[in-house]
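**Student:** What follows is final_23.tsv, made up of TSV, C-alpha atoms and all ligand atoms:
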chain	number	residue	atom	x	y	z
U	1	MET	CA	158.55	24.80	216.34
U	2	PRO	CA	157.48	23.05	213.11
U	3	CYS	CA	160.30	20.57	213.38
U	4	ARG	CA	158.99	17.01	213.16
U	5	PRO	CA	160.37	14.26	215.40
U	6	ARG	CA	163.59	12.87	214.07
U	7	ILE	CA	165.03	9.42	214.47
U	8	CYS	CA	168.22	9.54	216.47
U	9	PRO	CA	170.65	7.16	214.76
U	10	ASN	CA	172.74	6.69	217.84
U	11	PRO	CA	171.05	8.00	220.97
U	12	GLY	CA	173.41	8.85	223.77
U	13	ASP	CA	176.37	9.34	221.49
U	14	GLU	CA	176.42	13.02	220.66
U	15	ARG	CA	179.94	13.10	219.30
U	16	ILE	CA	180.22	12.46	215.60
U	17	ASN	CA	183.02	12.16	213.19
U	18	LEU	CA	182.18	13.48	209.76
U	19	ASP	CA	185.47	14.28	208.09
U	20	LEU	CA	186.35	14.86	204.47
U	21	GLY	CA	187.11	11.17	203.93
U	22	THR	CA	183.71	10.08	205.30
U	23	THR	CA	181.99	12.69	203.17
U	24	LEU	CA	183.86	11.43	200.12
U	25	ILE	CA	182.42	7.95	200.64
U	26	ARG	CA	178.98	9.46	201.21
U	27	ILE	CA	178.98	11.47	198.00
U	28	ASP	CA	180.39	8.52	196.08
U	29	ASN	CA	177.42	6.43	197.26
U	30	ILE	CA	174.98	9.15	196.22
U	31	ARG	CA	176.53	9.28	192.77
U	32	ARG	CA	176.30	5.51	192.40
U	33	TYR	CA	172.84	5.17	193.88
U	34	PRO	CA	170.99	8.41	193.09
U	35	PRO	CA	167.96	8.48	195.41
U	36	ARG	CA	165.43	10.05	193.08
U	37	GLU	CA	165.98	8.05	189.88
U	38	PRO	CA	164.00	4.82	189.77
U	39	PHE	CA	165.76	1.80	188.37
U	40	ASP	CA	165.04	1.33	184.67
U	41	PRO	CA	165.72	-2.26	183.53
U	42	LEU	CA	165.91	-1.14	179.88
U	43	SER	CA	168.63	1.40	180.44
U	44	ASN	CA	172.33	0.50	180.41
U	45	SER	CA	172.93	-1.80	183.33
U	46	PRO	CA	176.31	-1.75	185.03
U	47	GLY	CA	177.22	-4.96	183.20
U	48	ASP	CA	176.68	-3.31	179.81
U	49	ASP	CA	179.10	-0.53	180.54
U	50	ASP	CA	182.67	-1.46	179.53
U	51	GLY	CA	184.09	1.25	181.75
U	52	HIS	CA	182.08	0.21	184.79
U	53	ILE	CA	184.45	-2.53	185.99
U	54	ALA	CA	187.49	-0.31	185.57
U	55	ARG	CA	185.75	2.50	187.46
U	56	THR	CA	184.64	0.11	190.20
U	57	LEU	CA	188.22	-1.10	190.64
U	58	MET	CA	189.63	2.41	190.56
U	59	ARG	CA	187.23	3.84	193.16
U	60	PRO	CA	188.78	2.23	196.27
U	61	ILE	CA	192.28	3.04	195.01
U	62	MET	CA	191.36	6.68	194.39
U	63	ARG	CA	189.61	6.84	197.76
U	64	MET	CA	192.71	5.44	199.47
U	65	LEU	CA	194.98	7.95	197.72
U	66	VAL	CA	192.76	10.91	198.56
U	67	ASN	CA	192.33	9.76	202.18
U	68	GLY	CA	196.10	9.29	202.41
U	69	ALA	CA	196.68	12.82	201.10
U	70	LEU	CA	194.13	14.18	203.59
U	71	ARG	CA	195.89	12.39	206.49
U	72	LEU	CA	198.93	14.60	205.80
U	73	PHE	CA	196.85	17.57	206.88
U	74	ASP	CA	196.18	15.86	210.22
U	75	PHE	CA	199.76	16.31	211.46
U	76	PRO	CA	199.88	18.85	214.31
U	77	GLY	CA	202.87	20.57	212.68
U	78	PHE	CA	200.81	21.14	209.56
U	79	LYS	CA	197.99	22.66	211.59
U	80	LYS	CA	200.45	25.06	213.23
U	81	LEU	CA	201.61	26.10	209.77
U	82	PHE	CA	198.03	26.88	208.79
U	83	PRO	CA	196.21	28.26	211.86
U	84	PRO	CA	192.53	29.26	211.45
U	85	LYS	CA	192.32	32.46	209.42
U	86	LEU	CA	189.75	35.13	210.09
U	87	PRO	CA	187.17	35.19	207.31
U	88	ARG	CA	187.66	37.82	204.63
U	89	VAL	CA	184.76	39.84	203.25
U	90	VAL	CA	183.87	38.94	199.67
U	91	GLN	CA	181.54	41.23	197.75
U	92	VAL	CA	179.30	39.69	195.10
U	93	SER	CA	176.81	41.40	192.75
U	94	VAL	CA	173.89	39.27	191.63
U	95	PRO	CA	172.33	40.54	188.37
U	96	ILE	CA	168.67	39.53	188.28
U	97	PRO	CA	166.46	40.28	185.27
U	98	GLY	CA	162.98	41.36	186.32
U	99	LEU	CA	164.02	42.21	189.87
U	100	PRO	CA	161.46	44.69	191.28
U	101	SER	CA	163.03	48.18	191.36
U	102	THR	CA	162.30	48.39	195.08
U	103	LEU	CA	164.59	45.41	195.69
U	104	ASP	CA	167.41	46.79	193.53
U	105	LYS	CA	170.64	47.20	195.56
U	106	THR	CA	169.33	45.08	198.45
U	107	ARG	CA	172.35	44.02	200.49
U	108	LEU	CA	172.55	40.87	202.54
U	109	VAL	CA	175.26	38.90	204.26
U	110	HIS	CA	175.54	35.19	203.60
U	111	LEU	CA	177.26	33.18	206.36
U	112	SER	CA	177.60	29.43	206.53
U	113	ASP	CA	179.37	26.44	208.05
U	114	ILE	CA	180.52	28.02	211.29
U	115	HIS	CA	181.27	24.51	212.65
U	116	TYR	CA	181.63	26.03	216.09
U	117	CYS	CA	184.08	24.09	218.27
U	118	ARG	CA	186.73	24.74	220.87
U	119	GLU	CA	189.58	24.44	218.38
U	120	LEU	CA	188.52	27.63	216.61
U	121	GLY	CA	189.28	29.61	219.77
U	122	PRO	CA	186.77	31.63	221.80
U	123	GLY	CA	187.42	34.93	220.02
U	124	PHE	CA	187.28	33.59	216.47
U	125	LEU	CA	183.51	33.69	215.94
U	126	GLN	CA	183.23	36.93	217.89
U	127	GLN	CA	185.65	38.62	215.47
U	128	ALA	CA	183.80	37.21	212.45
U	129	ILE	CA	180.52	38.53	213.87
U	130	THR	CA	182.02	41.97	214.54
U	131	ARG	CA	183.23	42.07	210.96
U	132	THR	CA	179.76	41.08	209.72
U	133	MET	CA	178.04	43.77	211.80
U	134	SER	CA	180.35	46.45	210.36
U	135	LEU	CA	178.89	45.72	206.90
U	136	SER	CA	175.36	46.83	208.00
U	137	PRO	CA	173.44	44.56	205.60
U	138	GLY	CA	169.65	44.55	205.23
U	139	PHE	CA	169.55	41.05	206.66
U	140	ILE	CA	171.73	38.00	207.31
U	141	ALA	CA	171.24	34.44	206.05
U	142	ILE	CA	173.03	31.55	207.76
U	143	THR	CA	172.96	28.38	205.69
U	144	GLY	CA	173.59	25.68	208.25
U	145	ASP	CA	176.32	23.67	209.95
U	146	MET	CA	176.50	26.00	212.92
U	147	LEU	CA	177.48	23.08	215.18
U	148	HIS	CA	180.41	20.81	214.54
U	149	ARG	CA	180.81	17.56	216.47
U	150	ASP	CA	179.01	18.04	219.79
U	151	MET	CA	176.63	20.29	221.67
U	152	GLU	CA	179.11	21.32	224.35
U	153	PRO	CA	179.65	24.89	223.09
U	154	ILE	CA	176.02	25.46	222.04
U	155	GLN	CA	175.27	28.15	224.67
U	156	GLU	CA	178.42	30.04	223.73
U	157	LEU	CA	177.41	29.86	220.07
U	158	GLY	CA	173.96	31.22	220.92
U	159	GLN	CA	175.40	34.08	222.96
U	160	VAL	CA	177.73	35.21	220.16
U	161	LEU	CA	175.04	34.92	217.49
U	162	SER	CA	172.54	36.82	219.61
U	163	LYS	CA	174.76	39.91	219.39
U	164	ILE	CA	174.24	40.08	215.66
U	165	ALA	CA	170.60	38.95	215.63
U	166	LYS	CA	169.64	41.70	218.09
U	167	ARG	CA	170.77	44.34	215.60
U	168	ILE	CA	170.15	42.76	212.19
U	169	ASP	CA	167.33	40.41	211.09
U	170	THR	CA	168.91	36.96	210.86
U	171	TYR	CA	167.47	33.82	209.22
U	172	ALA	CA	168.93	30.33	209.30
U	173	VAL	CA	168.54	26.78	208.06
U	174	LEU	CA	170.06	23.62	209.49
U	175	GLY	CA	172.90	21.67	207.91
U	176	ASN	CA	173.84	18.00	207.98
U	177	HIS	CA	176.23	18.50	210.91
U	178	ASP	CA	173.56	20.30	212.96
U	179	LEU	CA	171.26	17.33	212.46
U	180	GLN	CA	174.00	14.81	213.19
U	181	VAL	CA	174.79	16.56	216.47
U	182	ASP	CA	171.17	17.33	217.41
U	183	PRO	CA	169.14	14.72	215.50
U	184	LEU	CA	166.00	15.24	217.57
U	185	CYS	CA	166.19	19.03	217.19
U	186	SER	CA	166.01	19.17	220.96
U	187	ARG	CA	168.37	22.04	221.67
U	188	LEU	CA	169.67	23.95	218.65
U	189	PRO	CA	166.30	25.39	217.51
U	190	ARG	CA	165.64	26.58	221.08
U	191	VAL	CA	169.06	28.20	221.38
U	192	LEU	CA	168.65	29.94	218.01
U	193	LYS	CA	165.20	31.21	218.99
U	194	GLN	CA	166.57	32.60	222.25
U	195	ALA	CA	169.33	34.28	220.24
U	196	GLY	CA	166.69	35.99	218.10
U	197	ILE	CA	167.40	34.01	214.94
U	198	LYS	CA	164.46	32.88	212.80
U	199	LEU	CA	165.05	29.23	211.94
U	200	LEU	CA	163.27	28.12	208.75
U	201	ILE	CA	162.56	24.41	208.35
U	202	ASN	CA	160.50	23.96	205.19
U	203	GLU	CA	158.86	27.33	205.80
U	204	SER	CA	159.07	30.95	204.74
U	205	VAL	CA	158.90	34.46	206.07
U	206	GLY	CA	158.08	37.74	204.29
U	207	VAL	CA	160.48	40.66	204.68
U	208	LYS	CA	159.40	44.18	203.80
U	209	ILE	CA	162.02	46.09	201.82
U	210	ASN	CA	161.23	49.55	200.42
U	211	GLY	CA	157.53	48.71	200.41
U	212	SER	CA	158.02	45.39	198.55
U	213	ARG	CA	157.77	41.97	200.12
U	214	LEU	CA	160.71	39.64	199.61
U	215	TYR	CA	160.26	36.12	200.93
U	216	ILE	CA	163.02	34.17	202.63
U	217	VAL	CA	162.37	30.46	202.21
U	218	GLY	CA	164.33	27.92	204.22
U	219	ILE	CA	164.50	24.23	203.45
U	220	ASP	CA	165.48	21.27	205.61
U	221	ASP	CA	168.78	19.56	204.90
U	222	LEU	CA	168.94	17.32	201.87
U	223	TRP	CA	171.13	14.66	203.50
U	224	GLU	CA	170.01	14.48	207.13
U	225	GLY	CA	166.65	16.26	207.15
U	226	ASP	CA	163.40	16.04	205.26
U	227	ALA	CA	163.65	18.63	202.48
U	228	ASP	CA	160.17	19.52	201.19
U	229	ILE	CA	160.22	22.38	198.74
U	230	GLN	CA	156.46	22.43	198.12
U	231	LYS	CA	155.79	22.73	201.84
U	232	ALA	CA	158.46	25.41	202.15
U	233	LEU	CA	156.82	27.44	199.38
U	234	GLY	CA	153.31	26.86	200.73
U	235	CYS	CA	152.89	30.39	202.13
U	236	VAL	CA	154.67	32.24	199.31
U	237	PRO	CA	152.06	33.94	197.10
U	238	LYS	CA	152.24	32.98	193.43
U	239	GLY	CA	154.86	34.97	191.53
U	240	SER	CA	156.33	36.60	194.65
U	241	PRO	CA	160.09	37.11	194.67
U	242	TYR	CA	161.99	34.93	197.11
U	243	ILE	CA	165.46	33.80	198.12
U	244	LEU	CA	165.88	30.13	198.97
U	245	LEU	CA	168.20	29.07	201.80
U	246	SER	CA	169.44	25.51	201.58
U	247	HIS	CA	172.53	24.11	203.26
U	248	ASN	CA	173.10	21.71	200.39
U	249	PRO	CA	173.51	23.31	196.93
U	250	ASP	CA	172.08	20.24	195.17
U	251	ILE	CA	168.63	21.56	196.09
U	252	VAL	CA	168.68	23.40	192.73
U	253	ASP	CA	168.02	20.06	191.02
U	254	MET	CA	164.64	19.99	192.78
U	255	LEU	CA	163.53	23.29	191.25
U	256	GLU	CA	162.51	21.72	187.93
U	257	THR	CA	158.91	21.21	189.10
U	258	VAL	CA	158.65	24.52	190.92
U	259	GLU	CA	156.66	27.08	188.94
U	260	ASN	CA	157.87	30.17	190.77
U	261	LYS	CA	161.67	30.01	190.61
U	262	PRO	CA	163.78	31.74	193.28
U	263	LEU	CA	165.74	34.89	192.54
U	264	LEU	CA	168.69	33.28	194.21
U	265	VAL	CA	169.64	30.15	196.16
U	266	LEU	CA	172.09	30.49	199.05
U	267	SER	CA	174.08	27.43	200.10
U	268	GLY	CA	177.18	26.30	201.93
U	269	HIS	CA	178.17	22.70	202.66
U	270	THR	CA	181.13	22.47	200.27
U	271	HIS	CA	183.47	24.80	202.24
U	272	GLY	CA	184.77	25.78	198.79
U	273	GLY	CA	186.53	22.42	198.87
U	274	GLN	CA	188.32	23.47	202.13
U	275	ILE	CA	191.57	22.03	200.75
U	276	SER	CA	192.67	22.87	197.24
U	277	LEU	CA	195.72	20.98	196.01
U	278	PRO	CA	198.01	22.66	193.46
U	279	VAL	CA	197.02	21.70	189.90
U	280	LEU	CA	194.35	19.22	191.08
U	281	GLY	CA	192.17	21.66	193.00
U	282	PRO	CA	189.82	20.37	195.71
U	283	PRO	CA	190.12	16.57	196.08
U	284	MET	CA	186.50	16.36	197.19
U	285	VAL	CA	183.38	18.46	196.68
U	286	PRO	CA	180.25	17.09	198.40
U	287	SER	CA	177.85	17.72	195.53
U	288	ILE	CA	176.45	15.45	192.86
U	289	ALA	CA	177.65	18.08	190.37
U	290	GLY	CA	181.23	17.82	191.71
U	291	LYS	CA	183.55	20.80	191.24
U	292	ARG	CA	180.97	22.71	189.22
U	293	ARG	CA	179.11	23.35	192.49
U	294	CYS	CA	182.09	24.10	194.67
U	295	HIS	CA	182.16	27.83	195.34
U	296	GLY	CA	180.98	31.28	194.28
U	297	LEU	CA	178.12	32.60	192.17
U	298	ILE	CA	176.99	29.95	189.70
U	299	ARG	CA	174.36	30.26	186.98
U	300	GLU	CA	172.11	27.21	187.21
U	301	LYS	CA	169.34	26.26	184.83
U	302	HIS	CA	166.58	27.91	186.84
U	303	THR	CA	168.27	30.44	189.07
U	304	TRP	CA	171.46	31.88	190.52
U	305	LEU	CA	173.22	29.75	193.12
U	306	HIS	CA	175.64	31.29	195.59
U	307	ILE	CA	177.90	28.91	197.51
U	308	THR	CA	180.03	30.46	200.22
U	309	SER	CA	183.20	28.77	201.43
U	310	GLY	CA	181.92	29.40	204.96
U	311	ILE	CA	183.73	30.14	208.20
U	312	GLY	CA	184.70	26.90	209.93
U	313	MET	CA	186.10	23.53	208.91
U	314	VAL	CA	185.64	19.79	209.14
U	315	GLU	CA	188.42	17.31	209.96
U	316	PRO	CA	191.22	17.71	209.27
U	317	LEU	CA	190.66	21.15	210.80
U	318	VAL	CA	192.78	22.85	208.17
U	319	ARG	CA	192.05	25.07	205.21
U	320	PHE	CA	194.62	25.02	202.45
U	321	ARG	CA	194.38	27.60	199.66
U	322	VAL	CA	190.67	28.09	200.39
U	323	ASP	CA	190.00	31.06	202.65
U	324	PRO	CA	187.01	31.32	204.97
U	325	GLU	CA	184.66	34.12	204.00
U	326	ILE	CA	181.79	36.43	204.85
U	327	SER	CA	179.84	37.04	201.65
U	328	LEU	CA	178.25	40.44	201.12
U	329	LEU	CA	175.72	40.08	198.31
U	330	THR	CA	174.01	42.91	196.43
U	331	LEU	CA	170.92	42.16	194.34
U	332	GLU	CA	171.00	44.20	191.14
U	333	LYS	CA	168.28	44.69	188.60
U	334	ALA	CA	169.80	43.37	185.37
U	335	VAL	CA	169.06	45.23	182.17
U	336	VAL	CA	168.01	42.84	179.43
U	337	SER	CA	168.84	44.19	175.96
U	338	PRO	CA	166.26	43.94	173.14
U	339	HIS	CA	168.68	41.53	171.41
U	340	GLN	CA	168.66	39.20	174.43
U	341	GLN	CA	164.88	39.45	174.66
U	342	ALA	CA	164.54	38.47	170.99
U	343	GLY	CA	166.93	35.55	171.55
Q	401	FE	FE	179.89	22.18	206.67
Take the structure from the file and write it as structure tokens.
Ligand SMILES: [Fe+2]
**Tutor:**
Amino acid sequence: MPCRPRICPNPGDERINLDLGTTLIRIDNIRRYPPREPFDPLSNSPGDDDGHIARTLMRPIMRMLVNGALRLFDFPGFKKLFPPKLPRVVQVSVPIPGLPSTLDKTRLVHLSDIHYCRELGPGFLQQAITRTMSLSPGFIAITGDMLHRDMEPIQELGQVLSKIAKRIDTYAVLGNHDLQVDPLCSRLPRVLKQAGIKLLINESVGVKINGSRLYIVGIDDLWEGDADIQKALGCVPKGSPYILLSHNPDIVDMLETVENKPLLVLSGHTHGGQISLPVLGPPMVPSIAGKRRCHGLIREKHTWLHITSGIGMVEPLVRFRVDPEISLLTLEKAVVSPHQQAG
């Protein structure tokens, strides 16, 4: 297992509490202190920005209001009103110029954010898996957050996932919750391997489709792992087509320096917002691009990005106007008109 040793932030305490409110604070910190931009003393400092003080004062108030609104969803009565829904199947066509003809019409299922826990009920994941198998895709990609808050149900998770992996090639990456629950990667990778799932941590695998080789590249989590895109692409021959799996959609900002761009990036993490308030929409999207990287097929500067709303939930364990989903993607060779080529 290529997983390097991880530092356990709180050994002995496997239970974690990453809810929407905590994530809001996290993403707010990332916005304020972007990790990859060095401080430039000549640029506008916070003191030069007239709006900075107002924004600084407004942040805690906004955070309090949003957290207050989210607490409403914590009431047991509310949860009874909105019991976990079975994921619906969403079909998405991805038009890709220059796609090799042999890869045209390749079908794959994109699953994410199972957040497996007792509250979902024992049959919930089983039904989602049965629904996935009925689609008979070429392969399945799981983009992280398979675990939720503890490792208690990990064997059960492995048993259910093994049913699908025995029949259909299945690839996975880890998400921030997986690494919070299993920071030393001591159990989850082993359980996934036993289930027949190929876990990709900054590595790739070639898949033969109609005589062509399509690479599946998996990257470690951007928040809790050690994402290394150059290492992940190390075994992908120059110019070869590949699909990048990354739990966190903000990985697309790291593609600037990559010469061979992916056909498609598959991500989860946002849960489609999980809660979408009337008029306002999702109060929180854990991406530095905010609502622009919330859900669906998005054209980014260098590639297509598909973000699925996923299957499970974080606290409060309620979805409101954002359904869970199983995404069935079809790669399609896009025809580029002479006019577009000239442009
Ligand atoms: Fe998640």
**Student:** Can I get the residues of chain U within 6 Å of ligand FE 401 (chain Q), each with the closest pair of atoms and their distance in Å to one decimal, using only C-alpha atoms and all ligand atoms, sorted chain first then ascending number, as JSON lines?
**Tutor:**
{"residue": "U:Asp113", "atom": "CA", "partner": "Q:FE401", "partner_atom": "FE", "distance": 4.5}
{"residue": "U:Asp145", "atom": "CA", "partner": "Q:FE401", "partner_atom": "FE", "distance": 5.1}
{"residue": "U:His269", "atom": "CA", "partner": "Q:FE401", "partner_atom": "FE", "distance": 4.4}
**Student:** Write out as a Markdown table the residues of segment 136-253 of chain U that have any atom within 12 Å of an atom of segment 316-326 of chain U, one row each with the nearest atom pair and its distance in Å to one decimal, counting all atoms listed in the file, sorted by chain and then rising number.
**Tutor:**
| residue | atom | partner | partner_atom | distance |
| --- | --- | --- | --- | --- |
| U:Pro137 | CA | U:Ile326 | CA | 11.7 |
| U:Ile140 | CA | U:Ile326 | CA | 10.5 |
| U:Ala141 | CA | U:Ile326 | CA | 10.8 |
| U:Ile142 | CA | U:Ile326 | CA | 10.4 |
| U:Thr143 | CA | U:Ile326 | CA | 12.0 |
| U:His148 | CA | U:Leu317 | CA | 10.9 |
| U:Arg149 | CA | U:Leu317 | CA | 11.9 |
**Student:** Grab the atom CA of Val217 of chain U to atom CA of Ala289 of chain U distance for me, in Å with one decimal place.
**Tutor:**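 So the answer is 23.0 Å.
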**Student:** Take the point (174.4, 30.8, 218.3) in the file's coordinates, draw a sphere of radius 10 Å around it, and report as a short mmCIF file (atom, residue, chain, number, x, y, z; two decimals) with C-alpha atoms, in the coordinates of the input every protein, DNA or RNA residue with an atom inside or on it, counting all atoms listed in the file.
**Tutor:**
data_model
loop_
_atom_site.label_atom_id
_atom_site.label_comp_id
_atom_site.auth_asym_id
_atom_site.auth_seq_id
_atom_site.Cartn_x
_atom_site.Cartn_y
_atom_site.Cartn_z
CA ILE U 114 180.52 28.02 211.29
CA TYR U 116 181.63 26.03 216.09
CA LEU U 125 183.51 33.69 215.94
CA MET U 146 176.50 26.00 212.92
CA LEU U 147 177.48 23.08 215.18
CA PRO U 153 179.65 24.89 223.09
CA ILE U 154 176.02 25.46 222.04
CA GLN U 155 175.27 28.15 224.67
CA GLU U 156 178.42 30.04 223.73
CA LEU U 157 177.41 29.86 220.07
CA GLY U 158 173.96 31.22 220.92
CA GLN U 159 175.40 34.08 222.96
CA VAL U 160 177.73 35.21 220.16
CA LEU U 161 175.04 34.92 217.49
CA SER U 162 172.54 36.82 219.61
CA LYS U 163 174.76 39.91 219.39
CA ILE U 164 174.24 40.08 215.66
CA ALA U 165 170.60 38.95 215.63
CA LEU U 188 169.67 23.95 218.65
CA PRO U 189 166.30 25.39 217.51
CA VAL U 191 169.06 28.20 221.38
CA LEU U 192 168.65 29.94 218.01
CA LYS U 193 165.20 31.21 218.99
CA GLN U 194 166.57 32.60 222.25
CA ALA U 195 169.33 34.28 220.24
CA GLY U 196 166.69 35.99 218.10
CA ILE U 197 167.40 34.01 214.94
#
**Student:** So, counting only C-alpha atoms, which residue among U:Asp220, U:Asp169, U:Glu119, U:Glu152 is closest to Cys185 of chain U?
**Tutor:**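 Under the stated criterion, the closest residue is U:Asp220.
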**Student:** Under the rule that all atoms listed in the file are counted, which of U:Ser287, U:Leu179, U:Thr106, U:Met313 is the nearest residue to Ile243 of chain U?
**Tutor:**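 The shortest atom-to-atom distance to Ile243 of chain U comes from U:Thr106.
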**Student:** Mind pulling up the distance from atom CA of Asn202 of chain U to atom CA of Val181 of chain U?
**Tutor:**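 Atom-to-atom, atom CA of Val181 of chain U to atom CA of Asn202 of chain U, that is 19.7 Å.
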**Student:** List as a PyMOL selection string the protein and nucleic acid residues near His302 of chain U, meaning an atom at most 12 Å away when only C-alpha atoms are counted, but skip any in the same chain fewer than 2 places from it.
**Tutor:** chain U and resi 96+251-265+298-300+304-305
**Student:** Atoms to include: C-alpha atoms. Write the selected residues as a PDB file, in the frame of the given file.
**Tutor:**
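Produced file selection-v8.pdb, reproduced below:
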ATOM      1  CA  ILE U  96     168.670  39.530 188.280  1.00  0.00           C
ATOM      2  CA  ILE U 251     168.630  21.560 196.090  1.00  0.00           C
ATOM      3  CA  VAL U 252     168.680  23.400 192.730  1.00  0.00           C
ATOM      4  CA  ASP U 253     168.020  20.060 191.020  1.00  0.00           C
ATOM      5  CA  MET U 254     164.640  19.990 192.780  1.00  0.00           C
ATOM      6  CA  LEU U 255     163.530  23.290 191.250  1.00  0.00           C
ATOM      7  CA  GLU U 256     162.510  21.720 187.930  1.00  0.00           C
ATOM      8  CA  THR U 257     158.910  21.210 189.100  1.00  0.00           C
ATOM      9  CA  VAL U 258     158.650  24.520 190.920  1.00  0.00           C
ATOM     10  CA  GLU U 259     156.660  27.080 188.940  1.00  0.00           C
ATOM     11  CA  ASN U 260     157.870  30.170 190.770  1.00  0.00           C
ATOM     12  CA  LYS U 261     161.670  30.010 190.610  1.00  0.00           C
ATOM     13  CA  PRO U 262     163.780  31.740 193.280  1.00  0.00           C
ATOM     14  CA  LEU U 263     165.740  34.890 192.540  1.00  0.00           C
ATOM     15  CA  LEU U 264     168.690  33.280 194.210  1.00  0.00           C
ATOM     16  CA  VAL U 265     169.640  30.150 196.160  1.00  0.00           C
ATOM     17  CA  ILE U 298     176.990  29.950 189.700  1.00  0.00           C
ATOM     18  CA  ARG U 299     174.360  30.260 186.980  1.00  0.00           C
ATOM     19  CA  GLU U 300     172.110  27.210 187.210  1.00  0.00           C
ATOM     20  CA  TRP U 304     171.460  31.880 190.520  1.00  0.00           C
ATOM     21  CA  LEU U 305     173.220  29.750 193.120  1.00  0.00           C
TER      22      LEU U 305
END
**Student:** Hey, what's within 8 Å of Gln91 of chain U if we count all atoms listed in the file and toss same-chain stuff fewer than 4 positions away? As a VMD selection string, please?
**Tutor:** chain U and resid 327 to 330
**Student:** Atoms to include: C-alpha atoms. Write the selected residues as a PDB file, in the coordinates of the input.
**Tutor:**
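After the write, result.pdb holds the following:
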ATOM      1  CA  SER U 327     179.840  37.040 201.650  1.00  0.00           C
ATOM      2  CA  LEU U 328     178.250  40.440 201.120  1.00  0.00           C
ATOM      3  CA  LEU U 329     175.720  40.080 198.310  1.00  0.00           C
ATOM      4  CA  THR U 330     174.010  42.910 196.430  1.00  0.00           C
TER       5      THR U 330
END
**Student:** Tell me, in Å to one decimal, how far atom CA of Ser267 of chain U is from atom CA of Leu245 of chain U.
**Tutor:**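 For atom CA of Ser267 of chain U relative to atom CA of Leu245 of chain U, the distance reads 6.3 Å.
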**Student:** Which residue, U:Gly211, U:Gly234, U:Gly268, U:Gly206, has the smallest gap to Asn176 of chain U when you use only C-alpha atoms?
**Tutor:**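 Going through U:Gly211, U:Gly234, U:Gly268, U:Gly206 one by one, the smallest distance to Asn176 of chain U is for U:Gly268.
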**Student:** Between U:Leu222, U:Ile288, U:Ile311, U:Val173, which is the closest to Thr132 of chain U once you count all atoms listed in the file?
**Tutor:**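 Of the candidates, the smallest distance to Thr132 of chain U is held by U:Ile311.
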